[in-house]
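Asks: Sharing coords-v8.txt, compact mmCIF, C-alpha atoms and all ligand atoms:
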# COMPACT_ATOMS: atom_id res chain seq x y z
CA MET F 37 17.61 -15.19 -17.83
CA THR F 38 20.45 -12.72 -17.10
CA ALA F 39 19.38 -9.11 -16.75
CA ASN F 40 21.93 -6.66 -18.16
CA PHE F 41 21.65 -3.01 -17.17
CA SER F 42 23.83 -0.07 -16.28
CA TYR F 43 23.67 1.08 -12.66
CA LEU F 44 23.83 4.64 -11.47
CA LYS F 45 23.98 5.65 -7.81
CA ALA F 46 22.46 9.14 -7.82
CA GLU F 47 24.11 11.80 -5.68
CA SER F 48 21.10 14.11 -5.68
CA LEU F 49 17.37 13.97 -6.32
CA ASP F 50 17.85 16.19 -9.38
CA GLU F 51 20.35 13.73 -10.82
CA ALA F 52 18.02 10.82 -10.12
CA VAL F 53 14.96 12.35 -11.82
CA ARG F 54 17.07 13.46 -14.78
CA HIS F 55 18.18 9.89 -15.46
CA LEU F 56 14.80 8.34 -14.66
CA GLY F 57 13.23 10.27 -17.50
CA GLU F 58 15.46 8.52 -20.05
CA ASN F 59 15.10 5.22 -21.92
CA GLY F 60 12.86 3.34 -19.51
CA ALA F 61 15.26 3.66 -16.57
CA ARG F 62 14.00 2.12 -13.31
CA LEU F 63 14.32 3.41 -9.78
CA HIS F 64 16.07 1.27 -7.15
CA ALA F 65 15.43 1.92 -3.44
CA GLY F 66 16.01 -1.21 -1.29
CA GLY F 67 15.84 -3.47 -4.35
CA THR F 68 13.82 -6.27 -2.67
CA ASP F 69 11.11 -6.11 -5.31
CA LEU F 70 12.87 -4.47 -8.26
CA LEU F 71 15.77 -6.90 -8.49
CA GLY F 72 13.43 -9.91 -8.41
CA CYS F 73 11.40 -8.40 -11.28
CA LEU F 74 14.54 -7.81 -13.35
CA ARG F 75 15.95 -11.26 -12.54
CA ASP F 76 12.68 -12.98 -13.49
CA ASP F 77 12.25 -10.90 -16.65
CA VAL F 78 8.93 -9.45 -15.48
CA PHE F 79 10.20 -6.32 -17.22
CA ARG F 80 13.54 -5.19 -18.65
CA SER F 81 15.48 -2.02 -18.18
CA ALA F 82 18.72 -0.77 -19.68
CA LYS F 83 19.42 1.49 -16.70
CA VAL F 84 18.79 1.25 -12.96
CA VAL F 85 19.01 4.45 -10.93
CA SER F 86 19.64 3.97 -7.21
CA ILE F 87 18.43 6.57 -4.70
CA SER F 88 19.85 4.62 -1.76
CA GLY F 89 22.58 7.23 -1.13
CA LEU F 90 20.12 10.12 -0.71
CA ASP F 91 20.12 10.64 3.05
CA ARG F 92 17.53 13.42 2.86
CA LEU F 93 14.93 10.70 2.09
CA ARG F 94 15.75 8.72 5.24
CA GLY F 95 14.40 10.53 8.30
CA ILE F 96 11.10 10.70 10.15
CA ARG F 97 10.31 14.32 11.00
CA GLU F 98 7.66 16.04 13.05
CA ILE F 99 5.69 18.53 10.97
CA GLY F 100 4.99 21.76 12.86
CA ARG F 101 1.40 22.89 13.52
CA SER F 102 1.87 25.83 11.17
CA GLN F 103 2.41 23.41 8.27
CA ARG F 104 -0.67 21.32 7.40
CA GLY F 105 -1.82 21.39 11.06
CA GLY F 106 1.05 19.17 12.23
CA GLY F 107 1.79 15.49 11.87
CA LEU F 108 4.67 13.27 10.76
CA GLY F 109 6.71 13.18 7.57
CA ILE F 110 8.29 9.82 6.74
CA GLY F 111 11.07 9.84 4.14
CA ALA F 112 10.57 7.40 1.27
CA LEU F 113 13.81 5.54 2.16
CA VAL F 114 12.80 4.88 5.77
CA THR F 115 12.81 1.09 6.10
CA ILE F 116 9.71 -0.91 6.93
CA ALA F 117 11.43 -2.05 10.15
CA GLU F 118 12.03 1.57 11.18
CA VAL F 119 8.36 2.36 10.54
CA ALA F 120 7.26 -0.62 12.66
CA GLU F 121 9.54 0.36 15.55
CA ASP F 122 9.19 4.15 15.69
CA ARG F 123 7.58 5.18 18.99
CA ARG F 124 5.68 8.13 17.46
CA ILE F 125 4.18 5.87 14.80
CA ARG F 126 3.32 3.10 17.25
CA GLU F 127 1.54 5.55 19.58
CA GLY F 128 -0.07 7.99 17.14
CA TYR F 129 -0.52 5.89 14.00
CA THR F 130 -0.95 2.36 15.32
CA ALA F 131 -2.45 1.01 12.08
CA LEU F 132 0.73 1.87 10.19
CA ALA F 133 3.06 0.35 12.81
CA GLN F 134 0.93 -2.82 12.88
CA ALA F 135 0.88 -3.02 9.06
CA ALA F 136 4.65 -2.54 8.80
CA SER F 137 5.27 -5.21 11.45
CA VAL F 138 3.50 -7.88 9.34
CA VAL F 139 5.20 -7.06 6.02
CA ALA F 140 7.28 -9.98 4.71
CA SER F 141 10.15 -11.24 6.94
CA PRO F 142 12.53 -9.39 9.33
CA GLN F 143 15.30 -9.39 6.67
CA LEU F 144 12.99 -7.87 4.05
CA ARG F 145 11.68 -5.30 6.53
CA ASN F 146 15.28 -4.23 7.25
CA GLN F 147 16.07 -3.77 3.56
CA GLY F 148 12.72 -2.74 2.02
CA THR F 149 11.66 0.91 2.19
CA LEU F 150 8.27 2.53 2.74
CA GLY F 151 8.39 4.20 -0.71
CA GLY F 152 9.18 0.84 -2.32
CA ASN F 153 6.37 -0.84 -0.42
CA LEU F 154 3.87 1.65 -1.85
CA CYS F 155 5.25 1.31 -5.40
CA GLN F 156 5.89 -2.47 -5.54
CA LYS F 157 4.69 -4.39 -8.58
CA PRO F 158 1.77 -6.88 -8.56
CA ARG F 159 2.30 -10.34 -7.10
CA CYS F 160 -0.15 -12.06 -9.50
CA TRP F 161 1.56 -15.33 -10.42
CA TYR F 162 0.79 -14.95 -14.14
CA TYR F 163 2.32 -11.46 -14.14
CA ARG F 164 5.40 -12.70 -12.26
CA GLY F 165 5.59 -15.79 -14.50
CA ASP F 166 6.16 -16.21 -18.18
CA PHE F 167 2.78 -14.84 -19.32
CA ALA F 168 2.35 -11.81 -21.57
CA CYS F 169 -0.83 -10.76 -19.79
CA LEU F 170 -2.80 -7.54 -20.20
CA ARG F 171 -0.78 -5.75 -17.51
CA LYS F 172 2.40 -6.49 -19.46
CA GLY F 173 0.86 -5.12 -22.67
CA GLY F 174 -0.70 -8.39 -23.90
CA ASP F 175 -4.36 -8.97 -24.80
CA ASP F 176 -5.71 -11.16 -22.00
CA CYS F 177 -5.91 -11.61 -18.27
CA PHE F 178 -5.06 -15.25 -17.57
CA ALA F 179 -6.35 -15.08 -14.00
CA VAL F 180 -9.98 -14.38 -14.91
CA ALA F 181 -10.51 -17.93 -16.14
CA GLY F 182 -7.45 -19.44 -14.41
CA GLN F 183 -6.06 -19.90 -10.90
CA ASN F 184 -7.61 -16.92 -9.16
CA GLN F 185 -7.82 -17.89 -5.48
CA TYR F 186 -5.63 -14.91 -4.46
CA HIS F 187 -7.24 -12.39 -6.79
CA CYS F 188 -9.73 -9.60 -6.26
CA ILE F 189 -13.38 -9.40 -5.28
CA PHE F 190 -13.66 -5.62 -5.79
CA GLY F 191 -12.50 -3.22 -8.49
CA GLY F 192 -11.26 -5.80 -10.98
CA ASP F 193 -12.08 -5.12 -14.55
CA ALA F 194 -9.95 -6.66 -17.25
CA CYS F 195 -7.19 -7.24 -14.66
CA VAL F 196 -8.07 -8.83 -11.31
CA TYR F 197 -4.85 -8.64 -9.28
CA VAL F 198 -4.83 -7.45 -5.66
CA HIS F 199 -2.52 -4.69 -4.49
CA PRO F 200 0.17 -6.40 -2.38
CA SER F 201 1.04 -3.61 0.08
CA ASP F 202 0.09 -3.80 3.76
CA CYS F 203 1.28 -0.25 4.49
CA ALA F 204 -0.82 1.38 1.74
CA PRO F 205 -4.28 0.57 3.21
CA ALA F 206 -3.13 1.68 6.67
CA LEU F 207 -1.79 4.95 5.25
CA VAL F 208 -4.98 5.59 3.26
CA ALA F 209 -7.05 5.00 6.43
CA LEU F 210 -4.81 7.47 8.30
CA GLY F 211 -5.29 10.14 5.60
CA ALA F 212 -1.69 10.13 4.29
CA THR F 213 -0.43 12.36 1.49
CA VAL F 214 2.55 11.54 -0.74
CA GLY F 215 5.17 14.07 -1.81
CA ILE F 216 6.47 13.53 -5.35
CA LYS F 217 9.40 15.05 -7.23
CA SER F 218 9.96 15.06 -10.98
CA ARG F 219 12.19 16.92 -13.45
CA ARG F 220 9.56 19.63 -13.85
CA ASP F 221 8.01 20.15 -10.45
CA ASP F 222 7.13 18.95 -6.97
CA ARG F 223 3.59 17.81 -6.28
CA SER F 224 1.67 16.10 -3.52
CA LEU F 225 -1.56 14.17 -3.51
CA PRO F 226 -3.64 12.08 -1.10
CA LEU F 227 -2.49 8.45 -1.17
CA SER F 228 -6.14 7.53 -1.82
CA GLU F 229 -5.71 9.16 -5.27
CA PHE F 230 -2.28 7.68 -5.98
CA TYR F 231 -3.41 4.25 -7.23
CA ILE F 232 -5.04 3.48 -10.58
CA LEU F 233 -7.86 1.00 -11.17
CA PRO F 234 -7.54 -1.39 -14.15
CA GLU F 235 -10.62 0.21 -15.75
CA ASP F 236 -8.63 3.44 -16.04
CA ASP F 237 -5.36 1.83 -17.18
CA PRO F 238 -4.61 -1.90 -16.81
CA THR F 239 -0.87 -1.39 -17.38
CA ARG F 240 -0.13 1.09 -14.56
CA GLU F 241 -0.55 0.70 -10.81
CA THR F 242 0.01 4.32 -9.80
CA THR F 243 -0.21 7.82 -11.22
CA LEU F 244 3.61 8.16 -11.10
CA ARG F 245 5.23 9.22 -14.35
CA PRO F 246 8.55 7.52 -15.28
CA ASP F 247 10.66 10.44 -14.03
CA GLU F 248 8.82 10.83 -10.70
CA ILE F 249 10.06 9.81 -7.26
CA VAL F 250 8.02 9.51 -4.08
CA THR F 251 10.04 11.56 -1.61
CA GLU F 252 7.93 11.65 1.55
CA ILE F 253 4.76 10.25 3.08
CA MET F 254 2.98 12.82 5.25
CA LEU F 255 0.55 11.87 8.02
CA PRO F 256 -1.87 14.39 9.54
CA LYS F 257 -1.87 14.79 13.31
CA PRO F 258 -4.53 12.44 14.74
CA SER F 259 -7.21 13.85 17.02
CA ALA F 260 -7.13 12.82 20.69
CA ASN F 261 -10.06 10.41 20.39
CA THR F 262 -8.79 8.41 17.45
CA ARG F 263 -7.99 4.70 17.45
CA SER F 264 -6.54 2.79 14.53
CA SER F 265 -5.50 -0.76 13.71
CA TYR F 266 -4.40 -3.06 10.88
CA ARG F 267 -4.73 -6.82 10.66
CA LYS F 268 -4.42 -9.28 7.80
CA VAL F 269 -5.19 -12.96 7.40
CA ARG F 270 -2.51 -14.94 5.55
CA VAL F 271 -1.81 -18.55 4.69
CA ARG F 272 1.51 -18.74 6.58
CA GLY F 273 1.88 -16.93 9.89
CA ALA F 274 5.66 -16.43 9.47
CA TRP F 275 5.34 -14.20 6.40
CA ASP F 276 2.86 -13.92 3.58
CA PHE F 277 0.79 -11.44 1.63
CA ALA F 278 -2.78 -10.73 2.78
CA LEU F 279 -5.59 -13.03 1.75
CA VAL F 280 -7.76 -10.29 3.20
CA GLY F 281 -6.91 -7.42 5.54
CA VAL F 282 -8.45 -4.34 7.11
CA ALA F 283 -7.14 -0.98 8.26
CA LEU F 284 -9.43 0.93 10.62
CA ASN F 285 -9.22 4.53 11.76
CA LEU F 286 -12.07 5.64 14.02
CA THR F 287 -12.55 9.01 15.67
CA PHE F 288 -14.93 8.98 18.61
CA ALA F 289 -16.98 11.91 19.92
CA GLY F 290 -16.44 13.27 23.42
CA SER F 291 -13.35 13.65 25.55
CA GLY F 292 -11.83 12.23 28.72
CA SER F 293 -13.94 9.39 30.12
CA ASP F 294 -16.54 9.83 27.34
CA SER F 295 -14.03 9.21 24.62
CA GLY F 296 -12.98 5.92 23.03
CA GLY F 297 -15.25 2.93 22.59
CA GLY F 298 -18.05 4.43 24.76
CA GLY F 299 -18.70 7.48 22.58
CA LYS F 300 -20.33 7.71 19.19
CA ILE F 301 -18.13 7.35 16.13
CA GLU F 302 -17.72 10.74 14.48
CA ARG F 303 -15.58 9.64 11.57
CA ALA F 304 -14.73 6.16 10.27
CA ARG F 305 -12.21 4.98 7.75
CA VAL F 306 -12.35 1.31 6.73
CA VAL F 307 -9.78 0.37 4.09
CA LEU F 308 -9.37 -3.20 2.87
CA SER F 309 -6.32 -5.08 1.59
CA GLY F 310 -6.01 -8.33 -0.36
CA VAL F 311 -9.32 -7.78 -2.13
CA ALA F 312 -8.81 -5.14 -4.85
CA PRO F 313 -6.16 -3.72 -7.21
CA VAL F 314 -5.98 -0.63 -4.97
CA PRO F 315 -6.39 -0.09 -1.21
CA TRP F 316 -10.18 -0.43 -1.12
CA GLN F 317 -12.22 2.05 0.91
CA ALA F 318 -15.37 0.35 2.21
CA ARG F 319 -17.57 3.44 2.11
CA GLU F 320 -20.84 1.68 2.95
CA ALA F 321 -19.27 0.26 6.10
CA GLU F 322 -17.99 3.73 7.04
CA GLN F 323 -21.49 5.18 6.62
CA ILE F 324 -22.96 2.56 8.93
CA LEU F 325 -20.35 3.28 11.61
CA GLU F 326 -20.56 7.08 11.60
CA GLY F 327 -22.95 8.48 14.23
CA LYS F 328 -23.28 5.14 16.06
CA ARG F 329 -21.82 3.62 19.22
CA LEU F 330 -19.52 0.72 18.46
CA ASP F 331 -21.52 -2.24 19.77
CA THR F 332 -21.89 -5.78 18.42
CA ALA F 333 -24.90 -4.94 16.23
CA THR F 334 -23.09 -1.99 14.60
CA ALA F 335 -19.89 -3.98 14.08
CA SER F 336 -21.81 -6.83 12.51
CA ALA F 337 -23.77 -4.51 10.19
CA ALA F 338 -20.60 -2.68 9.15
CA ALA F 339 -18.82 -5.99 8.45
CA ARG F 340 -21.68 -7.10 6.20
CA ALA F 341 -21.59 -3.75 4.42
CA ALA F 342 -17.82 -4.10 3.88
CA THR F 343 -18.44 -7.06 1.60
CA ALA F 344 -21.53 -5.70 -0.16
CA GLY F 345 -21.12 -5.75 -3.93
CA ALA F 346 -18.28 -8.31 -3.88
CA ASP F 347 -17.79 -9.85 -7.32
CA VAL F 348 -16.18 -13.22 -6.70
CA LEU F 349 -14.22 -15.30 -9.19
CA ALA F 350 -14.33 -19.10 -9.51
CA HIS F 351 -11.83 -19.79 -6.71
CA ASN F 352 -11.91 -16.84 -4.29
CA GLY F 353 -15.45 -16.89 -2.85
CA TYR F 354 -13.92 -17.76 0.55
CA LYS F 355 -12.72 -14.14 0.81
CA VAL F 356 -16.23 -12.83 1.52
CA PRO F 357 -16.91 -14.62 4.84
CA LEU F 358 -13.23 -14.31 5.81
CA LEU F 359 -13.32 -10.55 5.33
CA GLN F 360 -16.65 -10.18 7.10
CA GLY F 361 -15.36 -12.02 10.16
CA LEU F 362 -12.12 -10.05 10.17
CA VAL F 363 -13.80 -6.63 9.95
CA GLU F 364 -16.26 -7.49 12.73
CA GLU F 365 -13.52 -8.79 15.06
CA GLU F 366 -11.27 -5.80 14.46
CA LEU F 367 -14.08 -3.30 15.05
CA LEU F 368 -14.98 -4.95 18.35
CA LYS F 369 -11.33 -4.87 19.42
CA LEU F 370 -11.28 -1.09 18.92
CA ALA F 371 -14.47 -0.80 20.97
CA GLY F 372 -12.91 -2.55 23.97
C1 LIG F 401 9.35 -12.66 -0.30
C2 LIG F 401 8.65 -11.33 -0.19
C3 LIG F 401 7.55 -11.22 0.66
C4 LIG F 401 6.89 -10.00 0.77
N1 LIG F 401 5.80 -9.88 1.60
C5 LIG F 401 5.15 -8.70 1.72
C6 LIG F 401 4.03 -8.54 2.57
O1 LIG F 401 3.60 -9.46 3.27
N2 LIG F 401 3.43 -7.31 2.61
C7 LIG F 401 3.86 -6.25 1.88
O2 LIG F 401 3.29 -5.17 2.00
N3 LIG F 401 4.92 -6.37 1.07
C8 LIG F 401 5.58 -7.56 0.98
N4 LIG F 401 6.66 -7.68 0.16
C9 LIG F 401 7.06 -6.53 -0.63
C10 LIG F 401 8.10 -5.71 0.08
O3 LIG F 401 7.50 -4.99 1.10
C11 LIG F 401 8.67 -4.80 -0.96
O4 LIG F 401 9.52 -5.61 -1.76
C12 LIG F 401 9.48 -3.67 -0.39
O5 LIG F 401 8.75 -2.87 0.48
C13 LIG F 401 9.94 -2.81 -1.54
O6 LIG F 401 10.82 -1.85 -1.03
P1 LIG F 401 12.23 -1.63 -1.70
O7 LIG F 401 12.80 -0.43 -1.07
O8 LIG F 401 13.04 -2.87 -1.66
O9 LIG F 401 11.76 -1.31 -3.20
P2 LIG F 401 12.49 -1.62 -4.57
O10 LIG F 401 12.52 -3.08 -4.80
O11 LIG F 401 13.75 -0.87 -4.68
O12 LIG F 401 11.41 -0.95 -5.53
C14 LIG F 401 10.12 -1.53 -5.69
C15 LIG F 401 9.39 -0.78 -6.81
O13 LIG F 401 9.02 0.50 -6.37
C16 LIG F 401 9.67 1.53 -7.13
N5 LIG F 401 10.11 2.51 -6.14
C17 LIG F 401 10.81 2.25 -5.01
N6 LIG F 401 10.95 3.38 -4.28
C18 LIG F 401 10.34 4.35 -4.98
C19 LIG F 401 10.15 5.75 -4.75
N7 LIG F 401 10.62 6.36 -3.65
N8 LIG F 401 9.49 6.46 -5.68
C20 LIG F 401 8.98 5.86 -6.79
N9 LIG F 401 9.12 4.55 -7.06
C21 LIG F 401 9.79 3.81 -6.16
C22 LIG F 401 10.82 0.83 -7.86
O14 LIG F 401 11.13 1.45 -9.08
C23 LIG F 401 10.26 -0.57 -8.05
O15 LIG F 401 9.43 -0.65 -9.17
C24 LIG F 401 7.34 -8.88 0.04
C25 LIG F 401 8.47 -8.99 -0.80
C26 LIG F 401 9.12 -10.20 -0.91
C27 LIG F 401 10.31 -10.30 -1.82
S1 LIG F 402 -4.71 -10.29 -12.93
FE1 LIG F 402 -3.68 -8.61 -14.00
S2 LIG F 402 -1.54 -9.06 -13.58
FE2 LIG F 402 -2.66 -11.00 -13.28
S3 LIG F 402 -2.79 -12.10 -15.24
FE3 LIG F 402 -4.55 -10.80 -15.13
S4 LIG F 402 -3.92 -8.93 -16.22
FE4 LIG F 402 -2.05 -9.98 -15.60
Take the structure in this file and express it as structure tokens.
Ligand SMILES: Cc1cc2nc3c(=O)[nH]c(=O)nc-3n(C[C@H](O)[C@H](O)[C@H](O)COP(=O)(O)OP(=O)(O)OC[C@H]3O[C@@H](n4cnc5c(N)ncnc54)[C@H](O)[C@@H]3O)c2cc1C
Ligand code: SF4
Replies:
Amino acid sequence: MTANFSYLKAESLDEAVRHLGENGARLHAGGTDLLGCLRDDVFRSAKVVSISGLDRLRGIREIGRSQRGGGLGIGALVTIAEVAEDRRIREGYTALAQAASVVASPQLRNQGTLGGNLCQKPRCWYYRGDFACLRKGGDDCFAVAGQNQYHCIFGGDACVYVHPSDCAPALVALGATVGIKSRRDDRSLPLSEFYILPEDDPTRETTLRPDEIVTEIMLPKPSANTRSSYRKVRVRGAWDFALVGVALNLTFAGSGSDSGGGGKIERARVVLSGVAPVPWQAREAEQILEGKRLDTATASAAARAATAGADVLAHNGYKVPLLQGLVEEELLKLAG
């Protein structure tokens, strides 16, 4: 199938949003996901609007204390490789650096952007193949009764795909906010509210309207006693999407020698990947962790809680023990 479309390289954000609002135009950042979708006829578009020339979306800036209490602002066009390598991100937001470093292959990390990673389309093989499934406006989900070994165990309704991003769960765990521009206004919202569950709309993955662009991802300044991490299990070590993954962000009580793994956990964020159509916050696990010291009994109880309520399909029951083991191991690493 040959995809025919006109291509516009926008010279300003205003120009980009103006064109995006017209005739089903699609936004092009690094193109690593979009061009594959157009080539494979996952969807069609008469116009592609590139934002790749908009340098104001490229930098990583430090946000002053007077604004939102400080933190980092990452432009939507910052590449995944730049996110993985940035010293401030590696030191202050380890979960994000670790997540970015396991996205795809080095070539894709050099070309793919953080904004594109958050907005990428589902990897469900029926959706990517020649199937007019529910998410493409059809009547059925072919995965529910089909080949569903890579599909979800939480949050699936009529559509059971898993969100493919590694960076999104890390960013949700770190409390990120996304800045969004449209023709009408600028808005921002917590990334945890950016994604849409199939029960609310099985044809959309995010709350973005067609003329909206993610411009920046803002991270709050972490407190001194915070530790974070991201790890996923995948079929191939070289590159692959998560079978299951977990982003952790734990804030411990105390300071100096009392801080870290020895102190009680004041605040816990446990966000799962590879198991739901959105980055999945394991609230029961968080409740078990908060107020406790991070020892083997607590880690084991939290890992069990992280899989409570899992609703497995015919071929993905293996995800439950895999996830439990992963969460427990990662928690104990942060305790050490
Ligand atoms: C072989 C392969 C393996 C991969 N493995 C992984 C993996 O292991 N983990 C993982 O997390 N990802 C993986 N990916 C996905 C990869 O990370 C994304 O393709 C990439 O991050 C998308 O960035 P991009 O800039 O190329 O986006 P594009 O391809 O340009 O865009 C992707 C989508 O997002 C939209 N979009 C892009 N930027 C914005 C924006 N600023 N505002 C609003 N909408 C926007 C586009 O319209 C499009 O629909 C893989 C991809 C491939 C091809
Ligand atoms: S899981 Fe979702 S994307 Fe996959 S076939 Fe079902 S409806 Fe389509």
Asks: Contacts between ligand LIG 401 (chain F) and chain F, please, where a residue of chain F counts if it comes within 8 Å (with only C-alpha atoms and all ligand atoms); show its shortest atom pair and distance in Å to one decimal, rows by chain and ascending number, as JSON lines.
Replies:
{"residue": "F:Arg62", "atom": "CA", "partner": "F:LIG401", "partner_atom": "O14", "distance": 5.2}
{"residue": "F:Leu63", "atom": "CA", "partner": "F:LIG401", "partner_atom": "O14", "distance": 3.8}
{"residue": "F:His64", "atom": "CA", "partner": "F:LIG401", "partner_atom": "O11", "distance": 4.0}
{"residue": "F:Ala65", "atom": "CA", "partner": "F:LIG401", "partner_atom": "O11", "distance": 3.5}
{"residue": "F:Gly66", "atom": "CA", "partner": "F:LIG401", "partner_atom": "O7", "distance": 3.3}
{"residue": "F:Gly67", "atom": "CA", "partner": "F:LIG401", "partner_atom": "O11", "distance": 3.4}
{"residue": "F:Thr68", "atom": "CA", "partner": "F:LIG401", "partner_atom": "O8", "distance": 3.6}
{"residue": "F:Asp69", "atom": "CA", "partner": "F:LIG401", "partner_atom": "O10", "distance": 3.4}
{"residue": "F:Leu70", "atom": "CA", "partner": "F:LIG401", "partner_atom": "O10", "distance": 3.7}
{"residue": "F:Leu71", "atom": "CA", "partner": "F:LIG401", "partner_atom": "O10", "distance": 6.2}
{"residue": "F:Gly72", "atom": "CA", "partner": "F:LIG401", "partner_atom": "C27", "distance": 7.3}
{"residue": "F:Ile87", "atom": "CA", "partner": "F:LIG401", "partner_atom": "N7", "distance": 7.9}
{"residue": "F:Ala112", "atom": "CA", "partner": "F:LIG401", "partner_atom": "N7", "distance": 5.0}
{"residue": "F:Leu113", "atom": "CA", "partner": "F:LIG401", "partner_atom": "N7", "distance": 6.7}
{"residue": "F:Thr115", "atom": "CA", "partner": "F:LIG401", "partner_atom": "O7", "distance": 7.3}
{"residue": "F:Ile116", "atom": "CA", "partner": "F:LIG401", "partner_atom": "O5", "distance": 6.8}
{"residue": "F:Ala135", "atom": "CA", "partner": "F:LIG401", "partner_atom": "O2", "distance": 7.8}
{"residue": "F:Ala136", "atom": "CA", "partner": "F:LIG401", "partner_atom": "O2", "distance": 7.4}
{"residue": "F:Val138", "atom": "CA", "partner": "F:LIG401", "partner_atom": "O1", "distance": 6.3}
{"residue": "F:Val139", "atom": "CA", "partner": "F:LIG401", "partner_atom": "N2", "distance": 3.9}
{"residue": "F:Ala140", "atom": "CA", "partner": "F:LIG401", "partner_atom": "N1", "distance": 3.4}
{"residue": "F:Ser141", "atom": "CA", "partner": "F:LIG401", "partner_atom": "C3", "distance": 6.8}
{"residue": "F:Leu144", "atom": "CA", "partner": "F:LIG401", "partner_atom": "C10", "distance": 6.7}
{"residue": "F:Arg145", "atom": "CA", "partner": "F:LIG401", "partner_atom": "O3", "distance": 6.9}
{"residue": "F:Gln147", "atom": "CA", "partner": "F:LIG401", "partner_atom": "O8", "distance": 6.1}
{"residue": "F:Gly148", "atom": "CA", "partner": "F:LIG401", "partner_atom": "O8", "distance": 3.7}
{"residue": "F:Thr149", "atom": "CA", "partner": "F:LIG401", "partner_atom": "O7", "distance": 3.7}
{"residue": "F:Leu150", "atom": "CA", "partner": "F:LIG401", "partner_atom": "O5", "distance": 5.9}
{"residue": "F:Gly151", "atom": "CA", "partner": "F:LIG401", "partner_atom": "N7", "distance": 4.3}
{"residue": "F:Gly152", "atom": "CA", "partner": "F:LIG401", "partner_atom": "O6", "distance": 3.4}
{"residue": "F:Asn153", "atom": "CA", "partner": "F:LIG401", "partner_atom": "O5", "distance": 3.3}
{"residue": "F:Leu154", "atom": "CA", "partner": "F:LIG401", "partner_atom": "O13", "distance": 6.9}
{"residue": "F:Cys155", "atom": "CA", "partner": "F:LIG401", "partner_atom": "O13", "distance": 4.0}
{"residue": "F:Gln156", "atom": "CA", "partner": "F:LIG401", "partner_atom": "C15", "distance": 4.1}
{"residue": "F:Lys157", "atom": "CA", "partner": "F:LIG401", "partner_atom": "O15", "distance": 6.1}
{"residue": "F:Pro200", "atom": "CA", "partner": "F:LIG401", "partner_atom": "O2", "distance": 5.5}
{"residue": "F:Ser201", "atom": "CA", "partner": "F:LIG401", "partner_atom": "O2", "distance": 3.3}
{"residue": "F:Asp202", "atom": "CA", "partner": "F:LIG401", "partner_atom": "O2", "distance": 3.9}
{"residue": "F:Cys203", "atom": "CA", "partner": "F:LIG401", "partner_atom": "O2", "distance": 5.9}
{"residue": "F:Ala204", "atom": "CA", "partner": "F:LIG401", "partner_atom": "O2", "distance": 7.7}
{"residue": "F:Ile216", "atom": "CA", "partner": "F:LIG401", "partner_atom": "N8", "distance": 7.7}
{"residue": "F:Leu244", "atom": "CA", "partner": "F:LIG401", "partner_atom": "C20", "distance": 7.3}
{"residue": "F:Glu248", "atom": "CA", "partner": "F:LIG401", "partner_atom": "C20", "distance": 6.3}
{"residue": "F:Ile249", "atom": "CA", "partner": "F:LIG401", "partner_atom": "N8", "distance": 3.7}
{"residue": "F:Val250", "atom": "CA", "partner": "F:LIG401", "partner_atom": "N8", "distance": 3.7}
{"residue": "F:Thr251", "atom": "CA", "partner": "F:LIG401", "partner_atom": "N7", "distance": 5.6}
{"residue": "F:Glu252", "atom": "CA", "partner": "F:LIG401", "partner_atom": "N7", "distance": 7.9}
{"residue": "F:Trp275", "atom": "CA", "partner": "F:LIG401", "partner_atom": "O1", "distance": 5.9}
{"residue": "F:Asp276", "atom": "CA", "partner": "F:LIG401", "partner_atom": "O1", "distance": 4.5}
{"residue": "F:Phe277", "atom": "CA", "partner": "F:LIG401", "partner_atom": "O1", "distance": 3.8}
{"residue": "F:Ala278", "atom": "CA", "partner": "F:LIG401", "partner_atom": "O1", "distance": 6.5}
Asks: Taking only C-alpha atoms and all ligand atoms into account, which residues are within 6 Å of ligand LIG 402 (chain F), as a PyMOL selection string?
Replies: chain F and resi 160+162-163+169-171+177-179+195-197
Asks: In Å, with one decimal, what is the gap from atom CA of F:Ala341 to atom CA of F:Ala209?
Replies: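 For atom CA of F:Ala341 relative to atom CA of F:Ala209, the distance reads 17.1 Å.
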Asks: Nearest to F:Ala206: which of F:Leu225, F:Val282, F:Val180, F:Leu233 is it, counting all atoms listed in the file?
Replies: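 Result for the nearest residue to F:Ala206: F:Val282.
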Asks: What is the distance, in Å and to one decimal place, between atom CA of F:Glu320 and atom CA of F:Ala344?
Replies: 8.0 Å
Asks: Select, from F:Arg303, F:Arg101, F:Lys217, F:Arg270, the residue with the minimum atom-to-atom distance to F:Pro256, counting only C-alpha atoms.
Replies: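 Smallest distance to F:Pro256 is found for F:Arg101.
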Asks: Taking (-10.2, -17.5, -0.8) in the file's own coordinates, collect the residues within 9 Å, counting all atoms listed in the file, and hand them back as a list of chain:residue names.
Replies: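 Nearby residues: F:Asn184, F:Gln185, F:Tyr186, F:His187, F:Leu279, F:Val280, F:His351, F:Asn352, F:Gly353, F:Tyr354, F:Lys355, F:Val356, F:Leu358.
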Asks: Nearest to F:Asp193 among F:Gln103, F:Ile125, F:Asp176, F:Ala338, with distances taken over only C-alpha atoms: which residue is it?
Replies: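 Using only C-alpha atoms, F:Asp193 sits closest to F:Asp176.
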Asks: I'd like the neighbourhood of F:Gln317 as a list in words, where a residue qualifies if any of its atoms comes within 8 Å (using only C-alpha atoms), though same-chain residues fewer than 5 positions away should be ignored.
Replies: Arg305, Val306, Val307 and Leu308 of chain F
Asks: Might you pull out every residue within 7 Å of F:Gly107, with only C-alpha atoms counted and same-chain residues fewer than 5 positions away left off, and present them as an NGL selection string?
Replies: :F and (98-99 or 255-257)
Asks: Can you list, as an MDAnalysis selection string, every protein, DNA or RNA residue that comes within 12 Å of stretch 322-326 of chain F when you count all atoms listed in the file, leaving out same-chain residues fewer than 6 positions away?
Replies: chainID F and resid 209 283:289 299:308 332:342 363:364 367:368 371
